[in-house]
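Dumped work.txt below, it's compact mmCIF, C-alpha atoms and all ligand atoms:
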# COMPACT_ATOMS: atom_id res chain seq x y z
CA MET A 1 -21.44 -19.54 7.20
CA ALA A 2 -19.71 -21.32 4.29
CA LYS A 3 -19.33 -25.10 4.64
CA ARG A 4 -15.82 -26.47 5.29
CA THR A 5 -14.75 -29.77 3.78
CA ALA A 6 -12.87 -32.35 5.85
CA ALA A 7 -9.73 -31.55 3.84
CA GLU A 8 -9.91 -27.85 4.71
CA LYS A 9 -10.62 -28.64 8.37
CA ARG A 10 -7.51 -30.84 8.47
CA LEU A 11 -5.39 -28.04 6.95
CA LEU A 12 -6.82 -25.53 9.41
CA GLU A 13 -5.78 -27.82 12.27
CA LYS A 14 -2.26 -27.92 10.83
CA ALA A 15 -2.26 -24.13 10.48
CA ALA A 16 -3.21 -23.79 14.16
CA LYS A 17 -0.41 -26.17 15.10
CA TYR A 18 2.40 -24.86 12.90
CA LEU A 19 1.71 -21.15 12.33
CA PRO A 20 1.61 -18.66 15.23
CA GLY A 21 -2.02 -17.61 15.48
CA ALA A 22 -2.78 -20.02 12.61
CA SER A 23 -1.72 -17.13 10.42
CA LEU A 24 0.96 -15.65 8.18
CA GLY A 25 0.70 -12.59 10.42
CA ASN A 26 -1.32 -10.71 7.83
CA VAL A 27 -4.87 -11.89 8.56
CA PHE A 28 -6.09 -13.38 11.84
CA GLN A 29 -9.41 -15.23 11.87
CA LYS A 30 -11.63 -16.61 14.61
CA PRO A 31 -11.23 -20.41 14.52
CA GLU A 32 -14.94 -20.92 13.76
CA GLU A 33 -14.75 -18.50 10.78
CA ALA A 34 -11.31 -19.50 9.47
CA PHE A 35 -10.72 -20.53 5.88
CA LEU A 36 -7.71 -20.99 3.63
CA ILE A 37 -7.37 -19.66 0.11
CA ALA A 38 -6.51 -22.31 -2.44
CA ARG A 39 -6.45 -20.42 -5.72
CA GLY A 40 -7.27 -17.24 -7.60
CA LYS A 41 -8.22 -16.45 -11.16
CA GLY A 42 -9.02 -12.98 -12.45
CA SER A 43 -11.12 -11.15 -9.89
CA HIS A 44 -12.10 -14.26 -7.94
CA VAL A 45 -10.52 -16.50 -5.30
CA TRP A 46 -11.62 -19.89 -4.00
CA ASP A 47 -11.10 -21.37 -0.56
CA VAL A 48 -9.96 -24.95 -0.02
CA SER A 49 -13.58 -26.07 0.33
CA GLY A 50 -14.33 -24.61 -3.11
CA ASN A 51 -16.34 -21.53 -2.06
CA GLU A 52 -15.90 -18.66 -4.48
CA TYR A 53 -15.40 -14.99 -3.55
CA ILE A 54 -15.14 -11.77 -5.51
CA ASP A 55 -11.72 -10.53 -4.47
CA PHE A 56 -11.05 -6.91 -3.54
CA LEU A 57 -8.10 -7.89 -1.34
CA LEU A 58 -5.99 -8.79 -4.39
CA GLY A 59 -3.07 -10.05 -2.31
CA SER A 60 -3.20 -6.69 -0.49
CA GLY A 61 -2.82 -4.82 -3.75
CA PRO A 62 -0.27 -6.44 -6.08
CA GLU A 63 -2.78 -8.24 -8.29
CA LEU A 64 -3.78 -5.07 -10.12
CA LEU A 65 -4.51 -7.08 -13.28
CA GLY A 66 -6.31 -9.82 -11.37
CA HIS A 67 -4.98 -13.22 -10.36
CA SER A 68 -3.08 -15.44 -12.72
CA HIS A 69 -3.21 -12.99 -15.61
CA PRO A 70 -2.26 -14.79 -18.85
CA ALA A 71 0.28 -12.12 -19.90
CA VAL A 72 2.02 -12.31 -16.53
CA ASN A 73 1.94 -16.10 -16.44
CA ASP A 74 3.32 -16.32 -19.97
CA ALA A 75 6.14 -13.91 -19.09
CA VAL A 76 6.98 -15.93 -15.99
CA ARG A 77 6.84 -19.24 -17.85
CA ALA A 78 9.14 -17.80 -20.50
CA VAL A 79 11.86 -17.02 -17.96
CA LEU A 80 11.39 -19.94 -15.54
CA ASP A 81 13.49 -22.30 -17.61
CA ASP A 82 16.30 -19.73 -17.67
CA GLY A 83 16.91 -19.87 -13.93
CA ALA A 84 15.11 -18.53 -10.87
CA THR A 85 17.61 -16.08 -9.44
CA PHE A 86 21.17 -14.88 -10.03
CA PHE A 87 22.09 -12.23 -7.41
CA HIS A 88 24.08 -10.76 -10.30
CA THR A 89 22.57 -7.80 -12.19
CA ASN A 90 20.20 -9.33 -14.73
CA GLU A 91 18.52 -8.48 -18.00
CA LYS A 92 14.92 -8.20 -16.77
CA SER A 93 15.80 -5.92 -13.85
CA VAL A 94 17.50 -3.44 -16.20
CA LEU A 95 14.48 -3.39 -18.50
CA LEU A 96 12.09 -2.88 -15.60
CA ALA A 97 14.25 -0.07 -14.15
CA GLU A 98 14.16 1.63 -17.56
CA GLU A 99 10.36 1.39 -17.72
CA ILE A 100 9.96 2.72 -14.17
CA CYS A 101 12.20 5.69 -15.01
CA LYS A 102 10.15 6.42 -18.11
CA ALA A 103 6.89 6.23 -16.16
CA VAL A 104 7.52 7.81 -12.76
CA PRO A 105 8.27 11.56 -12.65
CA CYS A 106 10.91 11.49 -9.86
CA ALA A 107 12.69 8.35 -11.08
CA GLU A 108 16.15 8.71 -12.62
CA ARG A 109 17.59 5.57 -10.97
CA VAL A 110 16.08 2.49 -9.36
CA ARG A 111 17.38 0.19 -6.63
CA PHE A 112 15.37 -3.03 -6.28
CA PHE A 113 14.51 -4.94 -3.10
CA SER A 114 11.95 -7.62 -2.28
CA ALA A 115 9.44 -6.14 0.21
CA GLY A 116 7.87 -2.72 0.60
CA SER A 117 9.20 -2.47 4.18
CA GLU A 118 12.72 -3.01 2.89
CA ALA A 119 12.30 -0.23 0.33
CA THR A 120 10.99 2.33 2.82
CA PHE A 121 13.75 1.38 5.30
CA HIS A 122 16.43 1.90 2.65
CA ALA A 123 14.86 5.11 1.34
CA MET A 124 15.06 6.58 4.83
CA ARG A 125 18.64 5.32 5.26
CA VAL A 126 19.90 6.84 2.00
CA CYS A 127 18.41 10.17 3.04
CA ARG A 128 20.27 9.95 6.36
CA ALA A 129 23.51 9.45 4.46
CA TYR A 130 22.70 12.29 2.07
CA ARG A 131 21.78 14.84 4.74
CA LYS A 132 24.09 13.48 7.48
CA ARG A 133 21.23 13.54 9.99
CA ASP A 134 19.26 10.87 11.78
CA LYS A 135 15.64 11.94 12.23
CA VAL A 136 12.75 11.20 9.91
CA LEU A 137 9.34 12.80 9.81
CA LYS A 138 6.29 10.66 9.07
CA PHE A 139 2.58 11.29 9.36
CA GLU A 140 0.14 10.02 11.94
CA GLY A 141 -1.88 7.18 10.44
CA GLY A 142 0.66 6.65 7.65
CA TYR A 143 1.91 3.14 6.92
CA HIS A 144 5.44 2.43 5.76
CA GLY A 145 5.93 -1.22 6.70
CA THR A 146 7.47 -2.90 9.66
CA SER A 147 10.92 -1.32 10.19
CA ASP A 148 11.64 0.29 13.55
CA TYR A 149 11.19 3.71 11.88
CA GLY A 150 8.10 2.88 9.83
CA TRP A 151 6.04 0.97 12.37
CA VAL A 152 5.26 4.11 14.34
CA SER A 153 2.01 6.03 15.01
CA ILE A 154 -0.07 4.09 12.50
CA ASN A 155 -3.12 3.45 14.65
CA PRO A 156 -2.53 5.03 18.06
CA ALA A 157 -5.70 4.69 20.13
CA ASN A 158 -4.82 7.63 22.38
CA PRO A 159 -2.53 9.75 20.25
CA PRO A 160 -0.16 11.93 22.23
CA PRO A 161 0.68 15.54 21.37
CA LEU A 162 2.64 15.65 18.09
CA PRO A 163 5.41 15.19 17.07
CA GLN A 164 5.68 12.45 19.73
CA PRO A 165 6.00 8.96 18.15
CA VAL A 166 4.12 5.86 19.31
CA PRO A 167 5.68 2.42 18.62
CA GLU A 168 3.09 0.01 17.19
CA SER A 169 4.77 -3.24 18.25
CA ALA A 170 6.54 -4.78 21.16
CA GLY A 171 10.25 -5.23 20.63
CA MET A 172 10.98 -1.91 18.97
CA PRO A 173 14.08 -0.15 20.34
CA LYS A 174 13.22 3.15 21.98
CA ALA A 175 16.41 4.63 20.53
CA ALA A 176 15.09 3.99 16.99
CA VAL A 177 11.54 5.18 17.66
CA ASP A 178 12.86 8.38 19.23
CA LEU A 179 14.36 9.25 15.84
CA VAL A 180 10.88 9.54 14.33
CA LEU A 181 8.85 12.74 14.44
CA VAL A 182 5.14 12.55 13.66
CA ALA A 183 3.04 15.23 11.97
CA PRO A 184 -0.70 15.41 11.14
CA PHE A 185 -1.43 14.42 7.53
CA ASN A 186 -3.48 17.09 5.73
CA ASP A 187 -2.68 19.78 8.30
CA LEU A 188 -0.08 21.86 6.51
CA GLU A 189 0.12 24.57 9.13
CA ALA A 190 0.91 22.14 11.97
CA THR A 191 3.29 20.19 9.72
CA ASN A 192 5.13 23.34 8.69
CA ALA A 193 5.48 24.29 12.34
CA ILE A 194 7.01 20.89 13.21
CA ILE A 195 9.36 20.97 10.22
CA GLY A 196 10.27 24.59 10.92
CA LYS A 197 11.24 23.70 14.49
CA HIS A 198 13.14 20.50 13.71
CA HIS A 199 14.54 21.08 10.21
CA ASN A 200 18.15 20.97 11.36
CA ASP A 201 17.68 17.37 12.57
CA LEU A 202 15.56 16.01 9.71
CA ALA A 203 17.03 13.61 7.14
CA CYS A 204 13.75 13.23 5.26
CA VAL A 205 9.99 13.50 5.22
CA ILE A 206 8.13 10.35 4.23
CA VAL A 207 4.46 10.37 3.27
CA GLU A 208 1.91 8.20 1.54
CA PRO A 209 0.47 10.57 -1.09
CA LEU A 210 -2.88 8.81 -0.49
CA GLN A 211 -2.63 8.03 3.22
CA ARG A 212 -4.20 4.58 3.56
CA ILE A 213 -7.47 5.70 1.94
CA ILE A 214 -7.40 9.38 2.94
CA PRO A 215 -6.70 11.62 -0.07
CA PRO A 216 -4.52 14.69 0.36
CA VAL A 217 -6.51 17.91 0.70
CA PRO A 218 -5.80 20.38 -2.12
CA GLY A 219 -2.44 22.06 -1.56
CA PHE A 220 -1.18 19.67 1.13
CA LEU A 221 1.35 17.73 -0.97
CA LYS A 222 2.36 20.89 -2.81
CA GLY A 223 2.94 22.66 0.51
CA LEU A 224 4.96 19.71 1.76
CA ARG A 225 7.05 19.86 -1.40
CA GLU A 226 7.64 23.57 -0.87
CA ILE A 227 8.72 23.39 2.75
CA SER A 228 10.92 20.33 2.23
CA SER A 229 12.62 22.04 -0.73
CA HIS A 230 12.98 25.22 1.30
CA TYR A 231 14.96 23.40 4.01
CA HIS A 232 16.58 21.02 1.53
CA ILE A 233 15.05 17.98 3.27
CA PRO A 234 14.45 15.07 0.85
CA LEU A 235 10.77 14.27 0.37
CA ILE A 236 9.90 10.57 -0.04
CA PHE A 237 6.55 9.49 -1.43
CA ASP A 238 5.76 5.99 -0.24
CA GLU A 239 4.07 4.70 -3.40
CA VAL A 240 4.02 1.05 -2.38
CA VAL A 241 0.22 1.19 -2.84
CA THR A 242 -0.23 4.11 -5.21
CA GLY A 243 2.60 3.26 -7.64
CA PHE A 244 1.04 2.28 -10.99
CA ARG A 245 -2.36 2.10 -9.21
CA LEU A 246 -3.63 5.69 -9.18
CA ALA A 247 -2.03 6.36 -12.57
CA TYR A 248 0.83 4.93 -14.65
CA GLY A 249 3.14 7.47 -13.01
CA GLY A 250 1.66 6.75 -9.55
CA GLY A 251 0.46 9.23 -6.95
CA GLN A 252 3.05 11.79 -8.04
CA GLU A 253 1.54 11.92 -11.52
CA TYR A 254 -2.02 11.73 -10.20
CA TYR A 255 -1.61 14.57 -7.68
CA GLY A 256 0.93 16.51 -9.73
CA VAL A 257 3.67 16.78 -7.09
CA THR A 258 7.14 15.29 -7.63
CA PRO A 259 9.10 14.06 -4.60
CA ASP A 260 12.86 13.45 -4.46
CA LEU A 261 12.49 9.73 -3.91
CA CYS A 262 9.67 7.23 -3.96
CA THR A 263 9.22 3.66 -2.86
CA MET A 264 7.24 1.11 -4.84
CA ALA A 265 6.23 -2.53 -4.45
CA LYS A 266 2.92 -4.37 -5.00
CA ALA A 267 2.09 -3.60 -8.67
CA ILE A 268 5.70 -3.50 -9.91
CA GLY A 269 6.14 -7.22 -9.16
CA GLY A 270 2.83 -8.37 -10.65
CA GLY A 271 2.22 -10.55 -7.57
CA PHE A 272 5.84 -11.64 -7.14
CA PRO A 273 8.15 -10.31 -4.40
CA LEU A 274 9.65 -7.08 -5.66
CA SER A 275 10.05 -3.56 -4.35
CA ALA A 276 12.12 -0.53 -5.24
CA VAL A 277 13.43 2.84 -4.25
CA ALA A 278 13.46 5.22 -7.20
CA GLY A 279 14.42 8.84 -7.40
CA CYS A 280 16.76 11.62 -8.37
CA ALA A 281 20.33 10.68 -9.29
CA GLU A 282 21.78 13.11 -6.75
CA ILE A 283 20.48 10.98 -3.86
CA MET A 284 20.30 7.58 -5.60
CA ASP A 285 24.01 7.82 -6.39
CA TYR A 286 24.70 7.30 -2.69
CA TYR A 287 23.96 3.66 -3.52
CA ASP A 288 26.86 3.68 -5.99
CA PRO A 289 30.30 3.04 -4.43
CA ASN A 290 31.98 4.63 -7.44
CA ALA A 291 29.95 7.83 -7.32
CA VAL A 292 30.46 8.91 -3.72
CA ALA A 293 33.19 8.84 -1.07
CA LYS A 294 33.52 5.55 0.81
CA SER A 295 32.16 7.17 3.97
CA ASP A 296 29.01 8.31 2.09
CA TYR A 297 28.26 5.04 0.33
CA VAL A 298 24.98 3.40 1.40
CA TYR A 299 25.27 -0.34 1.35
CA THR A 300 22.27 -2.35 0.21
CA VAL A 301 22.31 -6.00 -0.65
CA GLY A 302 19.52 -8.55 -0.91
CA THR A 303 19.72 -12.16 -2.06
CA LEU A 304 16.54 -11.81 -4.10
CA SER A 305 16.72 -8.08 -4.96
CA GLY A 306 15.71 -7.58 -8.59
CA ASN A 307 14.75 -11.23 -8.94
CA PRO A 308 14.37 -11.91 -12.69
CA ILE A 309 11.07 -13.74 -12.37
CA ALA A 310 9.53 -10.92 -10.36
CA CYS A 311 10.95 -8.38 -12.82
CA ALA A 312 9.52 -10.31 -15.78
CA ALA A 313 6.12 -10.40 -14.05
CA GLY A 314 6.44 -6.67 -13.38
CA LEU A 315 7.34 -5.86 -16.98
CA ALA A 316 4.37 -7.87 -18.24
CA THR A 317 2.09 -6.11 -15.75
CA LEU A 318 3.24 -2.66 -16.83
CA LYS A 319 2.75 -3.56 -20.48
CA VAL A 320 -0.91 -4.35 -19.81
CA LEU A 321 -1.38 -1.23 -17.70
CA LYS A 322 0.10 0.89 -20.48
CA LYS A 323 -2.58 -0.17 -22.94
CA LYS A 324 -5.06 2.48 -23.92
CA GLY A 325 -8.08 2.59 -21.63
CA ALA A 326 -6.59 0.59 -18.73
CA TYR A 327 -6.77 3.38 -16.17
CA GLU A 328 -10.11 4.63 -17.50
CA ARG A 329 -11.50 1.14 -16.85
CA LEU A 330 -9.95 0.87 -13.36
CA HIS A 331 -11.34 4.25 -12.37
CA ALA A 332 -14.77 3.57 -13.87
CA VAL A 333 -15.18 0.33 -11.91
CA GLY A 334 -14.02 1.90 -8.64
CA SER A 335 -16.02 5.06 -9.16
CA ARG A 336 -19.27 3.14 -9.58
CA LEU A 337 -18.58 0.90 -6.60
CA ARG A 338 -17.76 3.69 -4.22
CA SER A 339 -20.64 5.90 -5.24
CA GLU A 340 -23.06 2.97 -4.91
CA LEU A 341 -21.61 2.03 -1.50
CA SER A 342 -22.14 5.55 -0.26
CA ARG A 343 -25.67 5.82 -1.74
CA ILE A 344 -26.80 2.47 -0.35
CA LEU A 345 -25.50 3.10 3.18
CA THR A 346 -26.97 6.61 3.19
CA GLU A 347 -30.35 5.33 2.00
CA ALA A 348 -30.22 2.76 4.81
CA GLU A 349 -29.61 5.71 7.19
CA ILE A 350 -26.26 4.33 8.30
CA PRO A 351 -23.81 7.18 9.01
CA ASN A 352 -20.97 6.75 6.55
CA GLN A 353 -18.05 8.47 4.89
CA VAL A 354 -16.85 6.65 1.79
CA VAL A 355 -13.26 7.79 1.44
CA GLY A 356 -10.42 7.24 -1.02
CA GLU A 357 -9.75 7.28 -4.72
CA ASP A 358 -11.53 5.17 -7.33
CA THR A 359 -9.01 2.34 -7.32
CA CYS A 360 -8.55 2.19 -3.55
CA PHE A 361 -11.30 3.18 -1.09
CA ASP A 362 -13.57 2.12 1.76
CA VAL A 363 -16.00 3.42 4.34
CA TYR A 364 -15.64 4.94 7.80
CA PHE A 365 -18.83 4.58 9.79
CA GLN A 366 -19.15 8.12 11.09
CA GLU A 367 -21.13 11.31 10.45
CA THR A 368 -18.23 13.72 10.23
CA PRO A 369 -15.87 14.11 7.27
CA VAL A 370 -12.56 12.25 7.19
CA THR A 371 -9.49 14.35 6.48
CA THR A 372 -6.93 13.47 9.14
CA TYR A 373 -6.09 10.39 11.20
CA ARG A 374 -7.65 11.95 14.29
CA SER A 375 -10.86 12.69 12.40
CA THR A 376 -11.35 8.90 12.12
CA LEU A 377 -11.03 8.11 15.82
CA LYS A 378 -14.77 8.37 16.46
CA ALA A 379 -15.65 5.95 13.64
CA ASP A 380 -17.75 2.95 14.68
CA LYS A 381 -15.22 0.11 14.55
CA ALA A 382 -17.70 -2.52 15.71
CA MET A 383 -19.84 -1.59 12.69
CA LEU A 384 -16.80 -1.91 10.41
CA ASN A 385 -16.15 -5.43 11.73
CA LYS A 386 -19.80 -6.40 11.22
CA TYR A 387 -19.76 -4.98 7.71
CA ASN A 388 -16.55 -6.82 6.76
CA ALA A 389 -17.97 -10.08 8.11
CA ALA A 390 -21.26 -9.53 6.28
CA MET A 391 -19.50 -8.72 3.00
CA LEU A 392 -17.56 -11.98 3.33
CA GLN A 393 -20.78 -13.88 3.99
CA ASN A 394 -22.11 -12.32 0.81
CA GLY A 395 -19.14 -13.62 -1.14
CA VAL A 396 -16.91 -10.53 -1.17
CA ILE A 397 -13.41 -10.59 0.28
CA LYS A 398 -11.69 -7.28 1.04
CA GLY A 399 -9.05 -5.69 3.28
CA GLY A 400 -9.92 -4.54 6.79
CA GLN A 401 -10.54 -1.03 5.52
CA LYS A 402 -9.77 -1.15 1.83
CA TYR A 403 -11.22 -2.22 -1.49
CA TYR A 404 -8.51 -2.68 -4.10
CA VAL A 405 -9.96 -2.57 -7.62
CA SER A 406 -8.39 -4.58 -10.44
CA LEU A 407 -8.58 -4.60 -14.23
CA ALA A 408 -10.10 -8.08 -13.93
CA HIS A 409 -13.27 -6.96 -12.14
CA THR A 410 -16.09 -7.41 -14.61
CA ASP A 411 -19.37 -5.56 -14.88
CA GLU A 412 -20.99 -8.67 -13.43
CA ASP A 413 -18.64 -8.54 -10.41
CA VAL A 414 -19.64 -4.91 -9.93
CA GLU A 415 -23.35 -5.72 -10.03
CA ARG A 416 -22.90 -8.65 -7.63
CA THR A 417 -20.90 -6.46 -5.25
CA ILE A 418 -23.58 -3.76 -5.34
CA LYS A 419 -26.14 -6.47 -4.51
CA ALA A 420 -23.92 -7.46 -1.57
CA PHE A 421 -23.78 -3.79 -0.44
CA LYS A 422 -27.59 -3.79 -0.37
CA ALA A 423 -27.85 -7.06 1.57
CA VAL A 424 -25.18 -5.91 4.03
CA ALA A 425 -26.79 -2.48 4.54
CA GLU A 426 -30.09 -4.24 5.33
CA ALA A 427 -28.31 -6.52 7.81
CA LEU A 428 -26.48 -3.62 9.46
CA ARG A 429 -29.66 -1.58 9.77
CA GLY A 430 -31.59 -4.51 11.20
C1 LIG B 501 2.20 2.38 1.84
C2 LIG B 501 2.90 1.11 2.25
N1 LIG B 501 4.22 1.15 2.48
C3 LIG B 501 4.92 0.05 2.82
C4 LIG B 501 4.30 -1.17 2.93
C5 LIG B 501 5.08 -2.39 3.32
O1 LIG B 501 5.15 -3.27 2.26
P1 LIG B 501 5.45 -4.83 2.54
O2 LIG B 501 4.23 -5.38 3.21
O3 LIG B 501 5.71 -5.39 1.18
O4 LIG B 501 6.65 -4.88 3.42
C6 LIG B 501 2.92 -1.26 2.69
C7 LIG B 501 2.22 -2.55 2.79
O5 LIG B 501 1.04 -2.66 2.64
C8 LIG B 501 2.21 -0.09 2.34
O6 LIG B 501 0.88 -0.11 2.13
So that I can check it, write out the structure of this file as structure tokens.
Ligand SMILES: Cc1ncc(COP(=O)(O)O)c(C=O)c1O
Amino acid sequence: MAKRTAAEKRLLEKAAKYLPGASLGNVFQKPEEAFLIARGKGSHVWDVSGNEYIDFLLGSGPELLGHSHPAVNDAVRAVLDDGATFFHTNEKSVLLAEEICKAVPCAERVRFFSAGSEATFHAMRVCRAYRKRDKVLKFEGGYHGTSDYGWVSINPANPPPLPQPVPESAGMPKAAVDLVLVAPFNDLEATNAIIGKHHNDLACVIVEPLQRIIPPVPGFLKGLREISSHYHIPLIFDEVVTGFRLAYGGGQEYYGVTPDLCTMAKAIGGGFPLSAVAGCAEIMDYYDPNAVAKSDYVYTVGTLSGNPIACAAGLATLKVLKKKGAYERLHAVGSRLRSELSRILTEAEIPNQVVGEDTCFDVYFQETPVTTYRSTLKADKAMLNKYNAAMLQNGVIKGGQKYYVSLAHTDEDVERTIKAFKAVAEALRG
């Protein structure tokens, strides 16, 4: 266990006193294992006591270039003296919207927000206005943030027959949850049956093209595109994670299927609070009071929406990602890590399924292949917890079930992480 300085212990006591669960709500730690992050640089973070970690959490994804990237910091410094926020439409937000429209296949217009949850909420709302219907279809195991429509059937322990929704938090109105239908990701036949039965009520279908870390099986996204087009139900790709991560054009470029709308966050703000809905003009124009009837207009307003500092950070991030070789490097690093993880666990005779794409992956501790949410229910969760704790002890910080790869991870980081895989596999076997 890493040593804690008196200064960090004092801060941890304050955290326990002033923050519910001593937490921001994102990560909860046992008091005896708790630590606070003080700073990050490149692919590494340091806790308040000065212990260093290789970081595959990356702020839960946004730090695709690594922490404190010089190009991002320079861009932010350059605009800081010009004011922090305006509410008014600003120069940087227009330039970022232009770049997103050039990069992302479905994007003809962009509406900015601050958080991913806000973007998915507003994407679903604009579809309701467009189709004049209330229900949305999401997929079991899919994550779309914390709105009353998104926070449904993400991790149900005893999933009911589909399309029945399961609220994932106390305090969610039943009336809102009942507007959500749930389908099995990667099961096109069952999904088509649900859509076929309920198409007259559906305002939209929302899906993560890479669901958490489960890739779409061949033909699934294409089939979803076909049936949603057939019934004229808008298809939303939630690209909060996959946008600019899987490819410059996101999951829709990577998997070759274009939705009507997409949501983005994380990478587009370069670590600053920024999210967006982007998509075809026909639907996006419902956000324009001059383009549609007053009764069709979808109101969105956010004090910090399109914040110029976040947009400047985003523009600088995209400029780096656009450089030749950026995605080749990201994929090469992730590809080596995930193949080594799988090899090392298999050699240690630990049942494992390493799942995901090169830039975003992890392991399920189970013998059987992972394709749907329900196929993961038998995974050994106690083993996952032990493995996460052991990785941390070996100086690697990661999400609960996700490695995010960055452009800042060096070959040395990769070798050190592989060494950690070996030490952890030994510990898990023992
Ligand atoms: C796919 C997806 N959608 C939406 C969200 C919500 O984003 P935020 O946490 O910024 O509200 C997340 C967050 O991780 C996400 O992974």
Cut-off 8 Å, only C-alpha atoms and all ligand atoms, neighbours of ligand LIG 501 (chain B) as a PyMOL selection string: chain A and resi 60-61+114-120+142-146+208+211-212+238-242+263-266+273+275
Same residues, C-alpha atoms, output as an mmCIF file, in the frame of the given file:
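result_9.cif was written with the following content:
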data_model
loop_
_atom_site.group_PDB
_atom_site.id
_atom_site.type_symbol
_atom_site.label_atom_id
_atom_site.label_comp_id
_atom_site.auth_asym_id
_atom_site.auth_seq_id
_atom_site.Cartn_x
_atom_site.Cartn_y
_atom_site.Cartn_z
ATOM 1 C CA SER A 60 -3.200 -6.690 -0.490
ATOM 2 C CA GLY A 61 -2.820 -4.820 -3.750
ATOM 3 C CA SER A 114 11.950 -7.620 -2.280
ATOM 4 C CA ALA A 115 9.440 -6.140 0.210
ATOM 5 C CA GLY A 116 7.870 -2.720 0.600
ATOM 6 C CA SER A 117 9.200 -2.470 4.180
ATOM 7 C CA GLU A 118 12.720 -3.010 2.890
ATOM 8 C CA ALA A 119 12.300 -0.230 0.330
ATOM 9 C CA THR A 120 10.990 2.330 2.820
ATOM 10 C CA GLY A 142 0.660 6.650 7.650
ATOM 11 C CA TYR A 143 1.910 3.140 6.920
ATOM 12 C CA HIS A 144 5.440 2.430 5.760
ATOM 13 C CA GLY A 145 5.930 -1.220 6.700
ATOM 14 C CA THR A 146 7.470 -2.900 9.660
ATOM 15 C CA GLU A 208 1.910 8.200 1.540
ATOM 16 C CA GLN A 211 -2.630 8.030 3.220
ATOM 17 C CA ARG A 212 -4.200 4.580 3.560
ATOM 18 C CA ASP A 238 5.760 5.990 -0.240
ATOM 19 C CA GLU A 239 4.070 4.700 -3.400
ATOM 20 C CA VAL A 240 4.020 1.050 -2.380
ATOM 21 C CA VAL A 241 0.220 1.190 -2.840
ATOM 22 C CA THR A 242 -0.230 4.110 -5.210
ATOM 23 C CA THR A 263 9.220 3.660 -2.860
ATOM 24 C CA MET A 264 7.240 1.110 -4.840
ATOM 25 C CA ALA A 265 6.230 -2.530 -4.450
ATOM 26 C CA LYS A 266 2.920 -4.370 -5.000
ATOM 27 C CA PRO A 273 8.150 -10.310 -4.400
ATOM 28 C CA SER A 275 10.050 -3.560 -4.350
#
From A:Val207, A:Ala423, A:Val126, A:Cys360, residue lying nearest Lys398 of chain A [only C-alpha atoms]: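 Of all the options, A:Cys360 lies closest to Lys398 of chain A.
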Test item: residues at most 12 Å from Pro351 of chain A, only C-alpha atoms, excluding those fewer than 5 positions along its chain, as a PyMOL selection string: chain A and resi 341-346+363-369+378-380+383-384+425+428-429
Best match for closeness to Ile194 of chain A among A:Ile214, A:Val166, A:Leu181, A:Val370, counting only C-alpha atoms: A:Leu181
For Gly270 of chain A, the nearest of the candidates A:Pro160, A:Gly314, A:Pro105, A:Pro184, counting all atoms listed in the file: A:Gly314
